[in-house]
Amino acid sequence: MDNTYNGQFDPSLISLLEDAIDFAVYQIAIDPTHPYGGRVIMFSPSLKEIAAIDDPWNFESWFLNIHPDDKQRVIDANHRSWTKSVRYDETARHYNKSKGEWTWVRTISTPVFDSGNKLSHFTGLVMDITEQKLADDELKHREAFENLLLSLATKFINLEPNDLDNAVNAALKDIGEFTEVDRSYLFTFSDDLKMMTCTNEWCAPGISPHIHQLSNILVTDRHWSNNIILNGEILYIPSVNNLPEEAHNEKLVFQQQDIKSLLAVPLIYQSNILGFFGFDSIQDEKTWSDDSVALLQMVASIITNAQENKKAHKALLAAYDDLEQRVSDRTLELEIANYKLQKEIEQRKKAEESLKISQALYSEVFENSTKQLFIIEVMPNENFRILRTNPKHQQHSGLSPDQIWGKTIDEVIMPEVAQAIKQHYLDCIKARHAIEYEELGPSPYWDIENIRTFRTTVAPVFDDKGKIVRLVGASDDISDQKTAQKILMEQERAEAVANERGRLARELHDAVTQTLFSTTLTAEVLPKIFEKNPEAGLKKLGELRELTRGALAEMRTLLMELRPEALADAELNDLLQHLTNAFIARARIPIQFKIDGNCSLPVEVKVAFYRIAQEALNNITKHADPNQVILSLSCLPERFDLIIEDNGQGFEINQELGSDHFGLKIMYERAEEVGARLLIESQENHGTRIHLHWIPESGKQSDPDRKGK
């Protein structure tokens with residue numbers, strides 16, 4: 001590794017680079033003559049493995065293994081960073097040849113400037129975040145699938161029988177798009193299980209439909225696959241090309257339809273196979289996880305129940321119609337009519353029994369859901385009664401059905417929690433549609449020490465007059481997810497700390513190191529100057545004294561940045577003296593420092609005075625180009641005033657502070673936080689005057705002249 005760049009590298013930095021394992025550190029020098037605008041100076045050996053780079057010394061090779069969907073974004077961000085001198089922070093997929101897979105890599109790069117404020121190089125950090133990315137994606141995918149399932153269940157619960165076909169088509173589309181398949185469909189078997197027909201189909205854009213070719217197909221024509229489904233098993237074909245010899249017929253049919261992968265879930269009602277719910281992948285081979293298959297089985301159960309509910313409803317209506325007709329036609333044959341009436345009543349009972357069975361199957365979904373499900377009765381006077389909860393809800397609440405069913409919210413939940421829950425229910429009733437919210441609550445209800453976070457969805461149920469009579473809800477314990485988010489925030493906070501340390505290191509290099517370098521040069525030539533011209537030697541000796549005082553002041557300032565509590569302990573006079581000494585050494589501009597009175601201020605006010613003075617002197621160094629600066633501090637019992645003046649270039653203060661005056665905006669905010677007033681006066685070529693004014697016990701103040709003149 002090349003260990004030189006504008007001087008000798010710190011040994012600790014070299015050790016950090018070479019010992020890095022889970023991350024990699026690098027530096028890229030700005031060189032517009034090279035491709036991608038840079039030249040590699042140094043890097044951690046771990047960079048080759050993490051970012052899948054064969055030749056890290058060749059900056060072009062850093063872009064070779066990036067995923068095509070990410071590459072242009074990465075190239076644009078790289079170009080923007082070195083042309084506009086801005087921070088680079090991008091996440092992209094890199095193909096790792098040793099692993100034979102795509103990995104997610106996050107790269108963060110910070111611009112570094114030389115003493116002339118010219119972009120010198122970038123210092124960066126590379127991390128493999130594949131596991132974090134996959135875990136987040138998997139969690140989001142499962143949560144979204146479960147929410148989709150709950151939405152479908154809610155729709156089918158309130159579904160009118162005549163709307164079944166439209167609802168099934170919509171469900172096929174929603175699930176097909178969510179699972180990213182090319183075709184989803186519904187087949188039904190004839191009563192004798194000899195024929196099969198496709199009744200519903202959804203196709204992705206660009207995929208040809210086949211529903212018109214799939215009516216009255218002999219079940220025996222696809223004996224191998226239908227035998228699996230008729231046994232009540234899942235038909236899962238990850239690769240049509242790899243089907244066994246006994247599936248020869250199926251292989252030909254599927255290949256004619258360009259199917260590469262297939263999944264079919266049987267529709268089962270009272271142990272009878274009614275058909276199947278299927279998905280085709282046309283463009284690529286596809287696999288399904290066990291969780292996805294389990295959720296699809298629940299969807300199949302929902303659709304089966306809805307179909308049987310429709311049949312039962314039709315049978316019930318037919319029974320009523322036929323009954324009325326027969327009573328009308330057979331009024332004279334009372335005995336025969338009574339006999340037939342009894343038969344029709346029996347048919348009605350069978351239809352009603354079938355309807356009850358269908359409802360029982362809905363109950364099975366309710367009982368076995370992984371979410372906490374509940375049904376609430378809407379009562380008068382903004383009160384609510386718990387009608388039913390599923391086992392998952394009972395597990396988290398710690399209450400058995402006898403302890404909670406039939407009770408009001410106020411009877412089973414502590415008052416402060418009950419009030420919040422009822423407010424959510426009232427919000428749902430007012431909105432007249434499903435709402436989602438997060439809440440804190442004890443789990444179990446009686447354990448107030450164990451507070452968990454829940455994400456809950458509540459939907460209204462209407463009667464035939466449009467009145468909301470019940471609420472159905474589902475709740476998830478997302479405490480672990482919140483904990484994971486907190487961990488990510490802590491990681492980001494640690495990253496911010498690392499960035500701040502990097503900033504202080506750069507300031508140490510740009511300020512103190514340069515001052516000490518100048519001091520060293522002056523000290524080396526001082527004896528020779530004294531030999532030739534003692535008067536000039538005395539002048540240089542004065543400059544040497546100013547340089548050393550400035551370096552010491554810069555070092556103390558940086559130490560205070562590293563130890564914020566030092567600001568609270570130090571006197572404001574000393575803090576401002578350090579700033580002025582550092583300013584003189586850094587900017588080589590004379591500054592008059594005046595103090596009047598005993599400046600004993602509250603800690604937060606003292607820090608605000610210090611930070612505003614620091615920002616003002618930094619702005620003078622960067623922008624003003626003056627030849628004289630005056631900093632005065634007046635401390636009287638009834639008021640405190642800090643005034644900073646320069647005779648530099650000045651500027652026109654905008655009526656609204658935009659991004660070009662971000663530092664001024666921060667100064668105003670710091671003043672307002674401690675109840676002080678800040679007045680800034682400036683004009684082009686007439687210098688700038690900053691006046692910070694604070695009155696003890698004054699409280700928050702607003703300045704009508706905030707924008708200055």
# chains A, B, ... in the order shown; residues from 1 in each chain; ligands from 1
$ select_by_dssp --residues "segment 179-246 of chain A" --states "strand (DSSP E)" --output "CSV table (one decimal) with N, CA, C and O atoms, in the first residue's frame"
chain,number,residue,atom,x,y,z
A,183,ARG,N,-49.3,-15.0,-14.2
A,183,ARG,CA,-50.7,-15.4,-14.4
A,183,ARG,C,-51.2,-16.0,-13.2
A,183,ARG,O,-50.5,-16.8,-12.5
A,184,SER,N,-52.5,-15.7,-12.8
A,184,SER,CA,-53.1,-16.4,-11.7
A,184,SER,C,-54.5,-16.7,-12.1
A,184,SER,O,-55.1,-16.0,-12.9
A,185,TYR,N,-55.1,-17.8,-11.6
A,185,TYR,CA,-56.4,-18.4,-12.1
A,185,TYR,C,-57.0,-19.3,-11.1
A,185,TYR,O,-56.5,-19.7,-10.1
A,186,LEU,N,-58.3,-19.6,-11.4
A,186,LEU,CA,-59.1,-20.5,-10.6
A,186,LEU,C,-59.8,-21.5,-11.5
A,186,LEU,O,-60.4,-21.2,-12.5
A,187,PHE,N,-59.5,-22.8,-11.1
A,187,PHE,CA,-60.1,-24.0,-11.8
A,187,PHE,C,-61.2,-24.6,-10.9
A,187,PHE,O,-60.9,-24.7,-9.7
A,188,THR,N,-62.3,-25.1,-11.4
A,188,THR,CA,-63.2,-25.9,-10.7
A,188,THR,C,-63.4,-27.2,-11.3
A,188,THR,O,-63.4,-27.3,-12.5
A,189,PHE,N,-63.6,-28.2,-10.5
A,189,PHE,CA,-63.9,-29.6,-11.0
A,189,PHE,C,-65.4,-29.8,-11.1
A,189,PHE,O,-66.2,-29.2,-10.3
A,195,MET,N,-64.2,-33.6,-15.1
A,195,MET,CA,-63.9,-32.5,-16.0
A,195,MET,C,-63.4,-31.3,-15.1
A,195,MET,O,-63.8,-31.2,-13.9
A,196,MET,N,-62.7,-30.4,-15.7
A,196,MET,CA,-62.2,-29.2,-15.0
A,196,MET,C,-62.3,-28.0,-16.0
A,196,MET,O,-62.1,-28.1,-17.2
A,197,THR,N,-62.6,-26.8,-15.4
A,197,THR,CA,-62.8,-25.6,-16.2
A,197,THR,C,-62.2,-24.4,-15.5
A,197,THR,O,-62.3,-24.3,-14.3
A,198,CYS,N,-61.5,-23.6,-16.2
A,198,CYS,CA,-61.0,-22.3,-15.7
A,198,CYS,C,-62.1,-21.3,-15.7
A,198,CYS,O,-62.6,-20.9,-16.7
A,199,THR,N,-62.5,-20.8,-14.5
A,199,THR,CA,-63.6,-19.9,-14.3
A,199,THR,C,-63.1,-18.4,-14.2
A,199,THR,O,-63.9,-17.5,-14.5
A,200,ASN,N,-61.9,-18.2,-13.7
A,200,ASN,CA,-61.4,-16.9,-13.5
A,200,ASN,C,-59.9,-16.9,-13.8
A,200,ASN,O,-59.2,-17.8,-13.5
A,201,GLU,N,-59.5,-15.7,-14.4
A,201,GLU,CA,-58.0,-15.6,-14.8
A,201,GLU,C,-57.6,-14.2,-14.8
A,201,GLU,O,-58.4,-13.3,-15.1
A,202,TRP,N,-56.4,-14.0,-14.3
A,202,TRP,CA,-55.7,-12.6,-14.4
A,202,TRP,C,-54.4,-12.8,-15.0
A,202,TRP,O,-53.6,-13.8,-14.7
A,203,CYS,N,-54.0,-11.9,-15.9
A,203,CYS,CA,-52.7,-12.0,-16.6
A,203,CYS,C,-52.0,-10.6,-16.5
A,203,CYS,O,-52.6,-9.6,-16.5
A,217,ILE,N,-62.0,-29.6,-19.6
A,217,ILE,CA,-60.8,-30.4,-19.9
A,217,ILE,C,-60.9,-31.7,-19.1
A,217,ILE,O,-61.3,-31.7,-17.9
A,218,LEU,N,-60.6,-32.8,-19.7
A,218,LEU,CA,-60.6,-34.1,-19.0
A,218,LEU,C,-59.6,-34.1,-17.9
A,218,LEU,O,-58.4,-33.7,-18.1
A,235,LEU,N,-49.5,-28.5,-5.3
A,235,LEU,CA,-48.8,-28.8,-6.6
A,235,LEU,C,-47.7,-27.7,-6.8
A,235,LEU,O,-48.1,-26.6,-7.1
A,236,TYR,N,-46.5,-28.0,-6.5
A,236,TYR,CA,-45.4,-27.1,-6.6
A,236,TYR,C,-44.4,-27.5,-7.6
A,236,TYR,O,-43.7,-28.5,-7.5
A,237,ILE,N,-44.2,-26.8,-8.7
A,237,ILE,CA,-43.3,-27.1,-9.8
A,237,ILE,C,-42.4,-25.9,-10.0
A,237,ILE,O,-42.7,-25.0,-10.7
$ residues_around --residues "Gln614 of chain A" --least-positions-apart "5" --cutoff "9 Å" --atoms "only C-alpha atoms" --output "list in words"
Leu576, Leu579, Phe609 and Asn619 of chain A
$ atom_distance --atom1 "atom CA of Phe384 of chain A" --atom2 "atom CA of Ile409 of chain A"
6.1 Å
$ atom_distance --atom1 "atom CA of Leu601 of chain A" --atom2 "atom CA of Asn581 of chain A"
22.1 Å
$ closest_residue --among "A:Ile653, A:Val105, A:Val607, A:Ala624" --to "Thr91 of chain A" --atoms "only C-alpha atoms"
A:Val105
$ residues_around --residues "segment 80-86 of chain A" --least-positions-apart "4" --cutoff "8 Å" --atoms "only C-alpha atoms" --output "PyMOL selection string"
chain A and resi 30+37+76+110-111+119
$ select_by_dssp --residues "segment 605-658 of chain A" --states "alpha helix (DSSP H)" --output "list in words"
Val605, Lys606, Val607, Ala608, Phe609, Tyr610, Arg611, Ile612, Ala613, Gln614, Glu615, Ala616, Leu617, Asn618 and Asn619 of chain A
$ write_last_selection --atoms "N, CA, C and O atoms" --output "short mmCIF file (atom, residue, chain, number, x, y, z; two decimals), in the first residue's frame"
data_model
loop_
_atom_site.label_atom_id
_atom_site.label_comp_id
_atom_site.auth_asym_id
_atom_site.auth_seq_id
_atom_site.Cartn_x
_atom_site.Cartn_y
_atom_site.Cartn_z
N VAL A 605 -26.60 30.00 28.12
CA VAL A 605 -26.41 31.32 27.50
C VAL A 605 -24.94 31.49 27.12
O VAL A 605 -24.60 32.01 26.05
N LYS A 606 -24.05 31.06 28.01
CA LYS A 606 -22.61 31.17 27.74
C LYS A 606 -22.24 30.38 26.48
O LYS A 606 -21.50 30.88 25.62
N VAL A 607 -22.78 29.15 26.34
CA VAL A 607 -22.48 28.33 25.16
C VAL A 607 -23.02 29.01 23.90
O VAL A 607 -22.37 29.01 22.85
N ALA A 608 -24.21 29.62 24.00
CA ALA A 608 -24.78 30.31 22.84
C ALA A 608 -23.89 31.48 22.42
O ALA A 608 -23.63 31.69 21.23
N PHE A 609 -23.42 32.29 23.41
CA PHE A 609 -22.51 33.40 23.10
C PHE A 609 -21.25 32.89 22.41
O PHE A 609 -20.78 33.46 21.41
N TYR A 610 -20.70 31.78 22.93
CA TYR A 610 -19.47 31.21 22.38
C TYR A 610 -19.69 30.72 20.94
O TYR A 610 -18.91 31.03 20.04
N ARG A 611 -20.79 29.96 20.72
CA ARG A 611 -21.04 29.39 19.40
C ARG A 611 -21.31 30.47 18.36
O ARG A 611 -20.87 30.38 17.21
N ILE A 612 -22.04 31.51 18.75
CA ILE A 612 -22.33 32.58 17.80
C ILE A 612 -21.04 33.34 17.45
O ILE A 612 -20.81 33.68 16.28
N ALA A 613 -20.18 33.59 18.45
CA ALA A 613 -18.90 34.24 18.17
C ALA A 613 -18.04 33.36 17.27
O ALA A 613 -17.38 33.84 16.34
N GLN A 614 -18.04 32.05 17.53
CA GLN A 614 -17.26 31.12 16.73
C GLN A 614 -17.72 31.13 15.27
O GLN A 614 -16.90 31.19 14.34
N GLU A 615 -19.06 31.08 15.05
CA GLU A 615 -19.60 31.09 13.69
C GLU A 615 -19.28 32.41 13.00
O GLU A 615 -18.96 32.45 11.81
N ALA A 616 -19.38 33.53 13.74
CA ALA A 616 -19.11 34.85 13.15
C ALA A 616 -17.66 34.94 12.68
O ALA A 616 -17.37 35.42 11.57
N LEU A 617 -16.70 34.50 13.52
CA LEU A 617 -15.28 34.56 13.14
C LEU A 617 -14.99 33.62 11.97
O LEU A 617 -14.17 33.94 11.10
N ASN A 618 -15.64 32.45 11.95
CA ASN A 618 -15.46 31.54 10.81
C ASN A 618 -15.94 32.19 9.52
O ASN A 618 -15.30 32.07 8.47
N ASN A 619 -17.09 32.88 9.57
CA ASN A 619 -17.61 33.55 8.38
C ASN A 619 -16.66 34.66 7.91
O ASN A 619 -16.47 34.88 6.71
#
$ residues_around --residues "Thr370 of chain A" --least-positions-apart "3" --cutoff "12 Å" --atoms "only C-alpha atoms" --output "count of residues only"
25
$ closest_residue --among "A:Ile211, A:Ala570, A:Val461, A:Val265" --to "Val603 of chain A" --atoms "only C-alpha atoms"
A:Ala570
$ residues_around --residues "Val469 of chain A" --least-positions-apart "2" --cutoff "12 Å" --atoms "only C-alpha atoms" --output "list of chain:residue names"
A:Ile375, A:Ile376, A:Glu377, A:Val378, A:Met379, A:Pro380, A:Asn383, A:Phe384, A:Arg385, A:Leu387, A:Tyr425, A:Ile429, A:Arg432, A:Ala459, A:Pro460, A:Val461, A:Phe462, A:Asp463, A:Asp464, A:Lys465, A:Gly466, A:Lys467, A:Leu471, A:Val472
$ write_last_selection --atoms "C-alpha atoms" --output "PDB file, in the first residue's frame"
ATOM      1  CA  ILE A 375     -64.801  -8.230  16.866  1.00  0.00           C
ATOM      2  CA  ILE A 376     -66.326  -5.246  18.681  1.00  0.00           C
ATOM      3  CA  GLU A 377     -70.000  -4.325  19.033  1.00  0.00           C
ATOM      4  CA  VAL A 378     -70.781  -0.604  18.669  1.00  0.00           C
ATOM      5  CA  MET A 379     -73.030   0.428  21.595  1.00  0.00           C
ATOM      6  CA  PRO A 380     -74.855   3.692  22.375  1.00  0.00           C
ATOM      7  CA  ASN A 383     -69.188   2.602  24.332  1.00  0.00           C
ATOM      8  CA  PHE A 384     -67.998  -0.707  22.900  1.00  0.00           C
ATOM      9  CA  ARG A 385     -68.495  -4.376  23.833  1.00  0.00           C
ATOM     10  CA  LEU A 387     -67.899  -9.875  21.132  1.00  0.00           C
ATOM     11  CA  TYR A 425     -62.731   3.240  17.430  1.00  0.00           C
ATOM     12  CA  ILE A 429     -66.607   5.229  12.830  1.00  0.00           C
ATOM     13  CA  ARG A 432     -66.362   5.045   7.796  1.00  0.00           C
ATOM     14  CA  ALA A 459     -62.523  -1.735   9.869  1.00  0.00           C
ATOM     15  CA  PRO A 460     -66.276  -1.004  10.141  1.00  0.00           C
ATOM     16  CA  VAL A 461     -69.069  -3.517   9.440  1.00  0.00           C
ATOM     17  CA  PHE A 462     -72.359  -2.023   8.173  1.00  0.00           C
ATOM     18  CA  ASP A 463     -75.925  -3.297   8.408  1.00  0.00           C
ATOM     19  CA  ASP A 464     -78.320  -3.221   5.439  1.00  0.00           C
ATOM     20  CA  LYS A 465     -79.164   0.417   6.259  1.00  0.00           C
ATOM     21  CA  GLY A 466     -75.567   1.574   6.192  1.00  0.00           C
ATOM     22  CA  LYS A 467     -75.237   1.853   9.967  1.00  0.00           C
ATOM     23  CA  LEU A 471     -65.830  -3.187  14.195  1.00  0.00           C
ATOM     24  CA  VAL A 472     -63.381  -5.913  13.131  1.00  0.00           C
TER      25      VAL A 472
END
